[in-house]
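Trainee: Here it is, the structure in full.
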Amino acid sequence: MEDLRIVGWADFDCDYPTRAYQGDELMKIVGLIANEISENDYVFAGQDHQSAMTGVPVFSDGTCFRASWRFWGMIMALVYSGPNGEELSYMDFYMSLDDNCVLPEESDIDVEPADIDNISPGYISKEDGDILQQVIESGNDFLTYDVVLQRYVALLKKD
């Protein structure tokens, strides 16, 4: 994991799997992504992360990073502050940023998708987890455009 680097950016439906990281490893991955965003002045919302052609970082090990709109917003809020230096929250980057969006450029990615067993449907925030728990407990349908949350609902309803 020490040599892991971002080698390109792909669309959310790419063939690269999302590795299931936890704890310190996940924090290292988030730090790697945050550094890449900061170094290149990328700024885009969770909605763009899931819908843009270059919203998903691809790593040198053939994996990528998918997240819910909220979790992606949390990463962006780690990188940026408000115009007066105030702390931002995931909600500042949750949905579309309109004309303020700066995405990575499209480029060829010379890494083959990894063949791994520990795959994640994507990373979610605590708030996402709370919402998912309420939906499952209530038995109601959950309507959202957030693809990661849709995947979790489908997985949880199978159980």
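Residue numbers start at 1 in each chain; chains themselves are named A, B, ... in the order of the structure tokens; ligands are numbered from 1 in the order shown.
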Write out as a PyMOL selection string the residues lying within 10 Å of stretch 100-105 of chain A, counting only C-alpha atoms and excluding same-chain residues fewer than 5 positions away.
Mentor: chain A and resi 8-10+37+40-45+48-49+52-57
Trainee: Please report, as a list of chain:residue names, each residue of stretch 78-154 of chain A to which DSSP assigns alpha helix (DSSP H) when run on this structure's backbone.
Mentor: A:Leu78, A:Val79, A:Lys126, A:Glu127, A:Asp128, A:Gly129, A:Asp130, A:Ile131, A:Leu132, A:Gln133, A:Gln134, A:Val135, A:Ile136, A:Glu137, A:Ser138, A:Val147, A:Val148, A:Leu149, A:Gln150, A:Arg151, A:Tyr152, A:Val153, A:Ala154
Trainee: Quick one: DSSP strand (DSSP E) residues in stretch 12-73 of chain A, as a PyMOL selection string?
Mentor: chain A and resi 56-59
Trainee: Counting only C-alpha atoms, what is within 8 Å of A:Arg5, bar same-chain residues fewer than 5 positions away, as a VMD selection string?
Mentor: chain A and resid 32 59 to 60
Trainee: My list of candidates is A:Ser38, A:Asp98, A:Asp11, A:Arg66. Which is closest to A:Tyr80 when distances are computed with only C-alpha atoms?
Mentor: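 For A:Tyr80, the nearest of the candidates is A:Ser38.
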